[in-house]
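> Here you go, this is query-v8.cif (mmCIF, N, CA and C atoms).
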```
data_work
loop_
_atom_site.label_atom_id
_atom_site.label_comp_id
_atom_site.auth_asym_id
_atom_site.auth_seq_id
_atom_site.Cartn_x
_atom_site.Cartn_y
_atom_site.Cartn_z
N MET H 1 101.01 127.57 95.07
CA MET H 1 101.74 126.67 95.93
C MET H 1 100.73 125.73 96.62
N THR H 2 101.09 124.48 96.73
CA THR H 2 100.24 123.49 97.37
C THR H 2 100.27 123.65 98.89
N ALA H 3 99.09 123.59 99.49
CA ALA H 3 98.98 123.72 100.95
C ALA H 3 99.56 122.48 101.64
N ARG H 4 99.98 122.68 102.85
CA ARG H 4 100.46 121.58 103.69
C ARG H 4 99.25 120.81 104.20
N ILE H 5 99.30 119.50 104.04
CA ILE H 5 98.23 118.65 104.57
C ILE H 5 98.70 118.12 105.92
N ALA H 6 98.14 118.68 106.98
CA ALA H 6 98.55 118.31 108.33
C ALA H 6 97.99 116.94 108.72
N VAL H 7 96.74 116.69 108.38
CA VAL H 7 96.07 115.42 108.67
C VAL H 7 94.98 115.24 107.62
N ALA H 8 94.84 114.01 107.15
CA ALA H 8 93.75 113.65 106.24
C ALA H 8 93.50 112.17 106.43
N ASP H 9 92.64 111.83 107.40
CA ASP H 9 92.45 110.42 107.68
C ASP H 9 91.11 110.09 108.31
N VAL H 10 90.92 108.82 108.56
CA VAL H 10 89.76 108.28 109.26
C VAL H 10 90.32 107.53 110.45
N SER H 11 89.73 107.72 111.62
CA SER H 11 90.30 107.16 112.84
C SER H 11 89.23 106.64 113.79
N ARG H 12 89.60 105.65 114.58
CA ARG H 12 88.72 105.16 115.64
C ARG H 12 88.89 105.99 116.92
N GLU H 13 89.93 106.78 116.99
CA GLU H 13 90.22 107.58 118.17
C GLU H 13 89.32 108.81 118.23
N GLU H 14 89.07 109.28 119.45
CA GLU H 14 88.30 110.51 119.63
C GLU H 14 88.99 111.66 118.91
N VAL H 15 88.21 112.50 118.24
CA VAL H 15 88.76 113.62 117.48
C VAL H 15 89.11 114.75 118.45
N ASP H 16 90.37 115.18 118.41
CA ASP H 16 90.85 116.27 119.24
C ASP H 16 90.95 117.53 118.38
N GLY H 17 89.89 118.31 118.37
CA GLY H 17 89.83 119.50 117.54
C GLY H 17 90.94 120.50 117.84
N ALA H 18 91.26 120.68 119.11
CA ALA H 18 92.31 121.64 119.48
C ALA H 18 93.66 121.21 118.91
N ALA H 19 93.95 119.93 118.95
CA ALA H 19 95.21 119.43 118.40
C ALA H 19 95.25 119.60 116.88
N LEU H 20 94.13 119.32 116.21
CA LEU H 20 94.09 119.48 114.76
C LEU H 20 94.19 120.96 114.37
N LEU H 21 93.53 121.82 115.13
CA LEU H 21 93.63 123.25 114.89
C LEU H 21 95.08 123.72 114.99
N ALA H 22 95.79 123.25 116.01
CA ALA H 22 97.19 123.64 116.20
C ALA H 22 98.06 123.20 115.02
N LEU H 23 97.71 122.10 114.40
CA LEU H 23 98.51 121.57 113.29
C LEU H 23 98.44 122.42 112.02
N VAL H 24 97.40 123.26 111.88
CA VAL H 24 97.30 124.08 110.68
C VAL H 24 97.87 125.49 110.86
N SER H 25 98.47 125.74 112.01
CA SER H 25 99.07 127.05 112.26
C SER H 25 100.06 127.40 111.15
N ASP H 26 99.94 128.63 110.65
CA ASP H 26 100.80 129.07 109.55
C ASP H 26 100.91 130.59 109.61
N GLU H 27 102.11 131.12 109.59
CA GLU H 27 102.32 132.57 109.70
C GLU H 27 101.76 133.35 108.52
N ARG H 28 101.54 132.70 107.39
CA ARG H 28 100.98 133.38 106.21
C ARG H 28 99.47 133.51 106.29
N ALA H 29 98.84 132.78 107.21
CA ALA H 29 97.38 132.72 107.28
C ALA H 29 96.80 133.92 108.03
N GLY H 30 95.83 134.56 107.40
CA GLY H 30 95.08 135.62 108.05
C GLY H 30 93.77 135.12 108.58
N ALA H 31 93.46 133.84 108.29
CA ALA H 31 92.21 133.25 108.76
C ALA H 31 92.38 131.75 108.91
N VAL H 32 91.74 131.24 109.96
CA VAL H 32 91.63 129.79 110.15
C VAL H 32 90.16 129.51 110.41
N VAL H 33 89.58 128.64 109.60
CA VAL H 33 88.18 128.25 109.75
C VAL H 33 88.14 126.79 110.15
N THR H 34 87.29 126.49 111.14
CA THR H 34 87.13 125.11 111.57
C THR H 34 85.67 124.70 111.45
N PHE H 35 85.47 123.42 111.31
CA PHE H 35 84.13 122.83 111.28
C PHE H 35 84.17 121.57 112.12
N ALA H 36 83.19 121.41 113.00
CA ALA H 36 83.05 120.17 113.78
C ALA H 36 81.66 119.63 113.53
N GLY H 37 81.58 118.46 112.93
CA GLY H 37 80.31 117.77 112.75
C GLY H 37 80.02 116.97 114.00
N ILE H 38 78.96 117.31 114.70
CA ILE H 38 78.65 116.78 116.03
C ILE H 38 77.42 115.88 115.97
N VAL H 39 77.43 114.80 116.73
CA VAL H 39 76.26 113.92 116.82
C VAL H 39 75.19 114.66 117.62
N ARG H 40 74.05 114.87 116.99
CA ARG H 40 72.95 115.59 117.65
C ARG H 40 71.94 114.59 118.21
N ASN H 41 71.02 115.08 119.03
CA ASN H 41 70.08 114.21 119.74
C ASN H 41 68.76 114.01 119.00
N HIS H 42 68.70 114.40 117.72
CA HIS H 42 67.46 114.24 116.95
C HIS H 42 67.78 114.14 115.47
N ASP H 43 66.86 113.54 114.72
CA ASP H 43 66.97 113.49 113.27
C ASP H 43 65.59 113.24 112.69
N HIS H 44 65.14 114.13 111.84
CA HIS H 44 63.82 114.01 111.20
C HIS H 44 62.71 113.77 112.21
N GLY H 45 62.75 114.51 113.32
CA GLY H 45 61.69 114.43 114.32
C GLY H 45 61.78 113.26 115.28
N LYS H 46 62.82 112.45 115.17
CA LYS H 46 62.99 111.30 116.07
C LYS H 46 64.16 111.57 117.02
N ALA H 47 64.01 111.15 118.27
CA ALA H 47 65.08 111.32 119.26
C ALA H 47 66.18 110.28 119.03
N VAL H 48 67.41 110.75 118.99
CA VAL H 48 68.58 109.92 118.72
C VAL H 48 69.39 109.74 120.01
N THR H 49 69.93 108.53 120.21
CA THR H 49 70.78 108.28 121.38
C THR H 49 72.26 108.17 121.01
N GLY H 50 72.56 107.93 119.74
CA GLY H 50 73.95 107.82 119.30
C GLY H 50 74.04 107.31 117.88
N ILE H 51 75.26 107.23 117.39
CA ILE H 51 75.52 106.80 116.02
C ILE H 51 76.75 105.90 116.01
N GLU H 52 76.71 104.89 115.15
CA GLU H 52 77.89 104.09 114.86
C GLU H 52 78.28 104.37 113.42
N TYR H 53 79.51 104.81 113.20
CA TYR H 53 80.03 105.05 111.86
C TYR H 53 80.91 103.86 111.47
N VAL H 54 80.69 103.35 110.26
CA VAL H 54 81.46 102.22 109.74
C VAL H 54 82.08 102.66 108.42
N GLY H 55 83.39 102.53 108.31
CA GLY H 55 84.09 102.96 107.11
C GLY H 55 84.59 101.80 106.28
N HIS H 56 84.56 101.97 104.98
CA HIS H 56 85.16 101.01 104.05
C HIS H 56 86.67 101.06 104.26
N PRO H 57 87.39 99.96 104.00
CA PRO H 57 88.85 99.99 104.18
C PRO H 57 89.56 101.09 103.38
N SER H 58 88.94 101.57 102.32
CA SER H 58 89.55 102.63 101.50
C SER H 58 89.23 104.04 102.00
N ALA H 59 88.53 104.18 103.12
CA ALA H 59 88.07 105.49 103.58
C ALA H 59 89.22 106.47 103.84
N SER H 60 90.28 106.03 104.49
CA SER H 60 91.41 106.95 104.75
C SER H 60 92.08 107.37 103.45
N GLU H 61 92.22 106.45 102.53
CA GLU H 61 92.82 106.77 101.23
C GLU H 61 91.94 107.77 100.47
N THR H 62 90.64 107.57 100.53
CA THR H 62 89.71 108.50 99.89
C THR H 62 89.81 109.87 100.52
N MET H 63 89.86 109.92 101.86
CA MET H 63 90.00 111.20 102.56
C MET H 63 91.27 111.92 102.11
N ALA H 64 92.38 111.20 102.04
CA ALA H 64 93.64 111.81 101.63
C ALA H 64 93.54 112.38 100.22
N GLY H 65 92.89 111.66 99.33
CA GLY H 65 92.73 112.14 97.96
C GLY H 65 91.87 113.38 97.87
N VAL H 66 90.78 113.40 98.61
CA VAL H 66 89.89 114.56 98.61
C VAL H 66 90.63 115.79 99.16
N VAL H 67 91.30 115.63 100.28
CA VAL H 67 92.02 116.76 100.88
C VAL H 67 93.11 117.26 99.94
N ALA H 68 93.79 116.35 99.25
CA ALA H 68 94.84 116.75 98.31
C ALA H 68 94.28 117.65 97.21
N GLU H 69 93.07 117.39 96.76
CA GLU H 69 92.44 118.24 95.76
C GLU H 69 92.27 119.67 96.27
N PHE H 70 91.90 119.81 97.54
CA PHE H 70 91.66 121.13 98.11
C PHE H 70 92.96 121.84 98.48
N ALA H 71 94.03 121.10 98.62
CA ALA H 71 95.33 121.70 98.92
C ALA H 71 95.85 122.54 97.76
N GLU H 72 95.25 122.41 96.59
CA GLU H 72 95.66 123.18 95.41
C GLU H 72 94.96 124.54 95.33
N ARG H 73 94.04 124.82 96.24
CA ARG H 73 93.29 126.08 96.17
C ARG H 73 94.16 127.29 96.47
N ASP H 74 93.88 128.36 95.75
CA ASP H 74 94.61 129.61 95.90
C ASP H 74 94.46 130.16 97.32
N GLY H 75 95.57 130.50 97.92
CA GLY H 75 95.57 131.14 99.24
C GLY H 75 95.48 130.18 100.42
N VAL H 76 95.26 128.90 100.18
CA VAL H 76 95.15 127.93 101.27
C VAL H 76 96.56 127.47 101.64
N HIS H 77 96.86 127.49 102.95
CA HIS H 77 98.21 127.16 103.42
C HIS H 77 98.29 125.83 104.15
N ALA H 78 97.24 125.44 104.85
CA ALA H 78 97.28 124.17 105.59
C ALA H 78 95.86 123.66 105.80
N ILE H 79 95.73 122.32 105.80
CA ILE H 79 94.43 121.68 105.99
C ILE H 79 94.60 120.48 106.92
N ALA H 80 93.62 120.32 107.81
CA ALA H 80 93.51 119.11 108.62
C ALA H 80 92.07 118.63 108.50
N ALA H 81 91.90 117.32 108.28
CA ALA H 81 90.56 116.74 108.19
C ALA H 81 90.59 115.32 108.74
N ARG H 82 89.69 115.04 109.65
CA ARG H 82 89.60 113.71 110.27
C ARG H 82 88.14 113.33 110.45
N HIS H 83 87.80 112.10 110.09
CA HIS H 83 86.46 111.55 110.32
C HIS H 83 86.62 110.37 111.26
N ARG H 84 85.79 110.34 112.25
CA ARG H 84 85.84 109.25 113.23
C ARG H 84 84.91 108.12 112.82
N VAL H 85 85.32 106.89 113.10
CA VAL H 85 84.46 105.73 112.94
C VAL H 85 84.33 105.07 114.30
N GLY H 86 83.30 104.24 114.44
CA GLY H 86 83.02 103.60 115.72
C GLY H 86 81.75 104.20 116.31
N GLU H 87 81.51 103.89 117.57
CA GLU H 87 80.30 104.38 118.24
C GLU H 87 80.55 105.74 118.89
N LEU H 88 79.65 106.67 118.60
CA LEU H 88 79.73 108.02 119.15
C LEU H 88 78.43 108.35 119.85
N GLY H 89 78.53 108.96 121.01
CA GLY H 89 77.36 109.42 121.74
C GLY H 89 76.98 110.83 121.32
N ILE H 90 75.90 111.31 121.88
CA ILE H 90 75.45 112.67 121.61
C ILE H 90 76.58 113.63 122.01
N GLY H 91 76.88 114.57 121.12
CA GLY H 91 77.95 115.53 121.37
C GLY H 91 79.30 115.09 120.84
N GLY H 92 79.41 113.83 120.42
CA GLY H 92 80.68 113.34 119.88
C GLY H 92 81.00 114.00 118.54
N VAL H 93 82.27 114.22 118.28
CA VAL H 93 82.71 114.84 117.03
C VAL H 93 82.95 113.73 116.00
N ALA H 94 82.16 113.77 114.92
CA ALA H 94 82.28 112.78 113.86
C ALA H 94 83.25 113.24 112.77
N LEU H 95 83.24 114.53 112.46
CA LEU H 95 84.09 115.09 111.41
C LEU H 95 84.64 116.43 111.87
N TYR H 96 85.94 116.61 111.68
CA TYR H 96 86.56 117.89 112.02
C TYR H 96 87.43 118.32 110.85
N VAL H 97 87.28 119.58 110.46
CA VAL H 97 88.06 120.16 109.38
C VAL H 97 88.61 121.49 109.86
N ALA H 98 89.87 121.75 109.57
CA ALA H 98 90.48 123.06 109.84
C ALA H 98 91.24 123.50 108.59
N VAL H 99 91.02 124.75 108.19
CA VAL H 99 91.67 125.29 107.00
C VAL H 99 92.30 126.63 107.36
N ALA H 100 93.59 126.76 107.08
CA ALA H 100 94.30 128.02 107.25
C ALA H 100 94.54 128.62 105.86
N ALA H 101 94.16 129.88 105.68
CA ALA H 101 94.31 130.53 104.38
C ALA H 101 94.70 131.99 104.58
N SER H 102 95.12 132.61 103.50
CA SER H 102 95.53 134.01 103.57
C SER H 102 94.38 134.92 103.97
N HIS H 103 93.19 134.64 103.45
CA HIS H 103 92.03 135.51 103.68
C HIS H 103 90.83 134.69 104.13
N ARG H 104 89.89 135.33 104.84
CA ARG H 104 88.75 134.62 105.41
C ARG H 104 87.87 133.95 104.37
N LYS H 105 87.62 134.61 103.24
CA LYS H 105 86.77 134.02 102.21
C LYS H 105 87.39 132.74 101.66
N GLN H 106 88.69 132.76 101.45
CA GLN H 106 89.38 131.56 100.98
C GLN H 106 89.24 130.43 101.99
N ALA H 107 89.40 130.75 103.27
CA ALA H 107 89.30 129.74 104.32
C ALA H 107 87.88 129.21 104.45
N PHE H 108 86.89 130.12 104.49
CA PHE H 108 85.49 129.69 104.61
C PHE H 108 85.06 128.84 103.41
N ASP H 109 85.37 129.33 102.21
CA ASP H 109 84.95 128.60 101.00
C ASP H 109 85.60 127.22 100.94
N CYS H 110 86.88 127.16 101.23
CA CYS H 110 87.58 125.88 101.19
C CYS H 110 87.01 124.91 102.22
N ALA H 111 86.81 125.38 103.44
CA ALA H 111 86.29 124.51 104.50
C ALA H 111 84.89 124.01 104.15
N SER H 112 84.03 124.90 103.69
CA SER H 112 82.66 124.51 103.35
C SER H 112 82.63 123.51 102.21
N ASP H 113 83.37 123.80 101.15
CA ASP H 113 83.40 122.89 100.00
C ASP H 113 84.04 121.56 100.37
N LEU H 114 85.05 121.59 101.21
CA LEU H 114 85.72 120.36 101.64
C LEU H 114 84.76 119.48 102.43
N VAL H 115 84.03 120.06 103.37
CA VAL H 115 83.06 119.28 104.15
C VAL H 115 82.01 118.65 103.22
N ASP H 116 81.49 119.43 102.29
CA ASP H 116 80.49 118.90 101.35
C ASP H 116 81.06 117.75 100.53
N THR H 117 82.29 117.88 100.07
CA THR H 117 82.91 116.84 99.25
C THR H 117 83.20 115.59 100.07
N ILE H 118 83.66 115.76 101.30
CA ILE H 118 83.89 114.62 102.19
C ILE H 118 82.58 113.87 102.40
N LYS H 119 81.52 114.58 102.71
CA LYS H 119 80.22 113.95 102.94
C LYS H 119 79.70 113.25 101.67
N ASP H 120 80.06 113.78 100.52
CA ASP H 120 79.62 113.22 99.26
C ASP H 120 80.41 111.98 98.84
N ARG H 121 81.72 111.96 99.12
CA ARG H 121 82.58 110.92 98.55
C ARG H 121 83.17 109.92 99.53
N LEU H 122 83.20 110.24 100.80
CA LEU H 122 83.84 109.33 101.76
C LEU H 122 82.98 108.08 101.96
N PRO H 123 83.54 106.88 101.79
CA PRO H 123 82.75 105.65 101.95
C PRO H 123 82.57 105.27 103.42
N ILE H 124 81.67 106.01 104.05
CA ILE H 124 81.34 105.77 105.46
C ILE H 124 79.82 105.69 105.57
N TRP H 125 79.36 104.72 106.36
CA TRP H 125 77.93 104.53 106.59
C TRP H 125 77.66 104.79 108.06
N LYS H 126 76.43 105.20 108.35
CA LYS H 126 76.11 105.42 109.76
C LYS H 126 74.87 104.63 110.16
N LYS H 127 74.95 104.11 111.35
CA LYS H 127 73.84 103.40 111.98
C LYS H 127 73.39 104.28 113.12
N GLN H 128 72.21 104.86 112.96
CA GLN H 128 71.68 105.81 113.93
C GLN H 128 70.73 105.09 114.88
N PHE H 129 70.93 105.28 116.18
CA PHE H 129 70.12 104.62 117.21
C PHE H 129 69.11 105.62 117.76
N PHE H 130 67.85 105.16 117.88
CA PHE H 130 66.77 106.02 118.35
C PHE H 130 66.33 105.63 119.75
N VAL H 131 65.72 106.58 120.45
CA VAL H 131 65.26 106.39 121.83
C VAL H 131 64.28 105.21 121.93
N ASP H 132 63.49 105.00 120.88
CA ASP H 132 62.49 103.92 120.93
C ASP H 132 63.09 102.52 120.74
N GLY H 133 64.43 102.42 120.64
CA GLY H 133 65.10 101.13 120.50
C GLY H 133 65.35 100.71 119.07
N THR H 134 64.83 101.44 118.10
CA THR H 134 65.06 101.11 116.70
C THR H 134 66.36 101.75 116.22
N HIS H 135 66.79 101.35 115.03
CA HIS H 135 67.95 101.97 114.42
C HIS H 135 67.73 102.06 112.91
N GLU H 136 68.59 102.83 112.26
CA GLU H 136 68.46 103.06 110.83
C GLU H 136 69.87 103.23 110.24
N TRP H 137 70.12 102.54 109.15
CA TRP H 137 71.38 102.66 108.43
C TRP H 137 71.23 103.68 107.32
N SER H 138 72.26 104.46 107.09
CA SER H 138 72.28 105.33 105.91
C SER H 138 73.73 105.51 105.49
N GLN H 139 73.92 105.73 104.21
CA GLN H 139 75.26 105.98 103.70
C GLN H 139 75.51 107.46 103.77
N CYS H 140 76.65 107.85 104.29
CA CYS H 140 76.97 109.27 104.37
C CYS H 140 77.17 109.88 102.98
N PRO H 141 77.89 109.20 102.07
CA PRO H 141 78.05 109.82 100.74
C PRO H 141 76.74 109.89 100.00
#
```
As structure tokens, how would this structure be written, given the file I've shared?

Amino acid sequence: MTARIAVADVSREEVDGAALLALVSDERAGAVVTFAGIVRNHDHGKAVTGIEYVGHPSASETMAGVVAEFAERDGVHAIAARHRVGELGIGGVALYVAVAASHRKQAFDCASDLVDTIKDRLPIWKKQFFVDGTHEWSQCP
């Protein structure tokens, strides 16, 4: 049976992990695994002050397609996935994923593989700002 896709999008709004977690609630689930990708204060030995994420116009459509692939996994009942674009400070949530499944291994494996696939395929670029006033662009996929 195909899992319910509660959310699969890219948004300029702040990511509300608690709200997304609530959306995957399912009585058949024995496990819910969440992942929050957080803006950290360092990268490759350099101090970071924040990140700007810029998405291609097809980013939400790509996210929906990727999540739909994972909705076919055995034992998975519900999935929520959101990537934020715009400027985020240290501690800001850039990516949030929640997976409800019958068993913990199914939930952990699905969430981990989903995060890896999102990072690999989502057309989003990041501009990382450093304490020394410089910045660096990189493509997330």
> Pick the closest to Val39 of chain H from H:Ala3, H:Ala98, H:Val10, H:Val93: which is it, counting only N, CA and C atoms?
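Using only N, CA and C atoms, Val39 of chain H sits closest to H:Val93.
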> State, in Å with one decimal place, the distance from atom C of Asp26 of chain H to atom CA of Asp109 of chain H.
18.2 Å
> Work out how far apart atom CA of Ala64 of chain H and atom CA of Ala94 of chain H are and give it in Å to one decimal.
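About the pair atom CA of Ala64 of chain H and atom CA of Ala94 of chain H: they are 16.7 Å apart.
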> For the interface of segment 81-135 of chain H with segment 33-38 of chain H (cut-off 7 Å, counting all atoms listed in the file), please tabulate each contacting residue of segment 81-135 of chain H alongside its nearest pair of atoms and their separation in Å to one decimal, rows sorted by chain and increasing number, as JSON lines.

```
{"residue": "H:Ile90", "atom": "C", "partner": "H:Ile38", "partner_atom": "C", "distance": 6.5}
{"residue": "H:Gly91", "atom": "C", "partner": "H:Ile38", "partner_atom": "CA", "distance": 5.1}
{"residue": "H:Gly92", "atom": "C", "partner": "H:Ile38", "partner_atom": "CA", "distance": 4.4}
{"residue": "H:Val93", "atom": "CA", "partner": "H:Gly37", "partner_atom": "C", "distance": 4.6}
{"residue": "H:Ala94", "atom": "N", "partner": "H:Gly37", "partner_atom": "C", "distance": 4.0}
{"residue": "H:Leu95", "atom": "C", "partner": "H:Gly37", "partner_atom": "N", "distance": 3.8}
{"residue": "H:Tyr96", "atom": "CA", "partner": "H:Phe35", "partner_atom": "C", "distance": 4.4}
{"residue": "H:Val97", "atom": "C", "partner": "H:Phe35", "partner_atom": "N", "distance": 4.0}
{"residue": "H:Ala98", "atom": "CA", "partner": "H:Thr34", "partner_atom": "CA", "distance": 4.3}
{"residue": "H:Val99", "atom": "N", "partner": "H:Val33", "partner_atom": "C", "distance": 4.0}
{"residue": "H:Ala100", "atom": "N", "partner": "H:Val33", "partner_atom": "N", "distance": 5.1}
{"residue": "H:Ala101", "atom": "N", "partner": "H:Val33", "partner_atom": "N", "distance": 6.2}
{"residue": "H:Ala107", "atom": "C", "partner": "H:Val33", "partner_atom": "CA", "distance": 5.4}
{"residue": "H:Phe108", "atom": "N", "partner": "H:Val33", "partner_atom": "CA", "distance": 5.7}
{"residue": "H:Ala111", "atom": "CA", "partner": "H:Val33", "partner_atom": "C", "distance": 6.4}
```
> Evaluate the PyMOL selection byres (((chain H and resi 25 and name CA) around 10) and name CA) and record the selected residues as a PyMOL selection string, following the chain and residue labels used in the document.
chain H and resi 6+20-24+26-29+31-32+77-79+98-101
> How far is it from atom CA of Gly55 of chain H to atom CA of Asp116 of chain H, in Å with one decimal?
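Spanning atom CA of Gly55 of chain H to atom CA of Asp116 of chain H is a straight-line distance of 17.3 Å.
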> My list of candidates is H:Ile124, H:Ala68, H:Val85, H:Val115. Which is closest to Val15 of chain H when distances are computed with only C-alpha atoms?
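Nearest to Val15 of chain H: H:Val85.
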> For His56 of chain H, find every residue with an atom within 6.5 Å (counting all atoms listed in the file), except residues of its own chain fewer than 3 positions away, and show them as a PyMOL selection string.
chain H and resi 59-60+123-125
> What parts of chain H does DSSP call strand (DSSP E)? I'd like the answer as JSON, numbers by chain.
{"H": [4, 5, 6, 7, 8, 9, 10, 11, 31, 32, 33, 34, 35, 36, 37, 38, 42, 43, 46, 47, 48, 49, 50, 51, 52, 53, 54, 55, 76, 77, 78, 79, 80, 81, 82, 83, 84, 86, 87, 88, 89, 93, 94, 95, 96, 97, 98, 99, 100, 101, 124, 125, 126, 127, 128, 129, 130, 135, 136, 137, 138, 139]}
> Run the PyMOL selection byres (((chain H and resi 71 and name CA) around 10) and name CA) on the file and write out the hits as a list of chain:residue names.
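Applying the PyMOL selection byres (((chain H and resi 71 and name CA) around 10) and name CA) to the structure shown produces H:Met1, H:Thr2, H:Ala3, H:Arg4, H:Ile5, H:Gly65, H:Val66, H:Val67, H:Ala68, H:Glu69, H:Phe70, H:Glu72, H:Arg73, H:Asp74, H:Gly75, H:Val76, H:His77, H:Ala78, H:Ile79, H:Val99, H:Cys110.
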> For segment 48-50 of chain H, work out the shell of residues within 6.5 Å, counting only N, CA and C atoms and skipping chain neighbours fewer than 6 positions away, then give it as a ChimeraX atom specification.
/H:40-42,88-90,127-131
> Filtering to N, CA and C atoms, could you give me those residues as a PDB file, in the frame of the given file?

```pdb
ATOM      1  N   ARG H  40      74.050 114.870 116.990  1.00  0.00           N
ATOM      2  CA  ARG H  40      72.950 115.590 117.650  1.00  0.00           C
ATOM      3  C   ARG H  40      71.940 114.590 118.210  1.00  0.00           C
ATOM      4  N   ASN H  41      71.020 115.080 119.030  1.00  0.00           N
ATOM      5  CA  ASN H  41      70.080 114.210 119.740  1.00  0.00           C
ATOM      6  C   ASN H  41      68.760 114.010 119.000  1.00  0.00           C
ATOM      7  N   HIS H  42      68.700 114.400 117.720  1.00  0.00           N
ATOM      8  CA  HIS H  42      67.460 114.240 116.950  1.00  0.00           C
ATOM      9  C   HIS H  42      67.780 114.140 115.470  1.00  0.00           C
ATOM     10  N   LEU H  88      79.650 106.670 118.600  1.00  0.00           N
ATOM     11  CA  LEU H  88      79.730 108.020 119.150  1.00  0.00           C
ATOM     12  C   LEU H  88      78.430 108.350 119.850  1.00  0.00           C
ATOM     13  N   GLY H  89      78.530 108.960 121.010  1.00  0.00           N
ATOM     14  CA  GLY H  89      77.360 109.420 121.740  1.00  0.00           C
ATOM     15  C   GLY H  89      76.980 110.830 121.320  1.00  0.00           C
ATOM     16  N   ILE H  90      75.900 111.310 121.880  1.00  0.00           N
ATOM     17  CA  ILE H  90      75.450 112.670 121.610  1.00  0.00           C
ATOM     18  C   ILE H  90      76.580 113.630 122.010  1.00  0.00           C
ATOM     19  N   LYS H 127      74.950 104.110 111.350  1.00  0.00           N
ATOM     20  CA  LYS H 127      73.840 103.400 111.980  1.00  0.00           C
ATOM     21  C   LYS H 127      73.390 104.280 113.120  1.00  0.00           C
ATOM     22  N   GLN H 128      72.210 104.860 112.960  1.00  0.00           N
ATOM     23  CA  GLN H 128      71.680 105.810 113.930  1.00  0.00           C
ATOM     24  C   GLN H 128      70.730 105.090 114.880  1.00  0.00           C
ATOM     25  N   PHE H 129      70.930 105.280 116.180  1.00  0.00           N
ATOM     26  CA  PHE H 129      70.120 104.620 117.210  1.00  0.00           C
ATOM     27  C   PHE H 129      69.110 105.620 117.760  1.00  0.00           C
ATOM     28  N   PHE H 130      67.850 105.160 117.880  1.00  0.00           N
ATOM     29  CA  PHE H 130      66.770 106.020 118.350  1.00  0.00           C
ATOM     30  C   PHE H 130      66.330 105.630 119.750  1.00  0.00           C
ATOM     31  N   VAL H 131      65.720 106.580 120.450  1.00  0.00           N
ATOM     32  CA  VAL H 131      65.260 106.390 121.830  1.00  0.00           C
ATOM     33  C   VAL H 131      64.280 105.210 121.930  1.00  0.00           C
TER      34      VAL H 131
END
```
> Run DSSP on the backbone and tell me which residues of chain H come out as helix (DSSP H, G or I); list them as a ChimeraX atom specification.
/H:17-23,59-70,104-121
> Please determine an axis-aligned box that encloses all atoms of segment 98-115 of chain H listed in the file, with 3 Å added on each side, and express its centre and edge lengths in Å to one decimal as JSON.

```
{"center_x": 88.8, "center_y": 127.1, "center_z": 104.9, "size_x": 19.5, "size_y": 22.9, "size_z": 15.8}
```
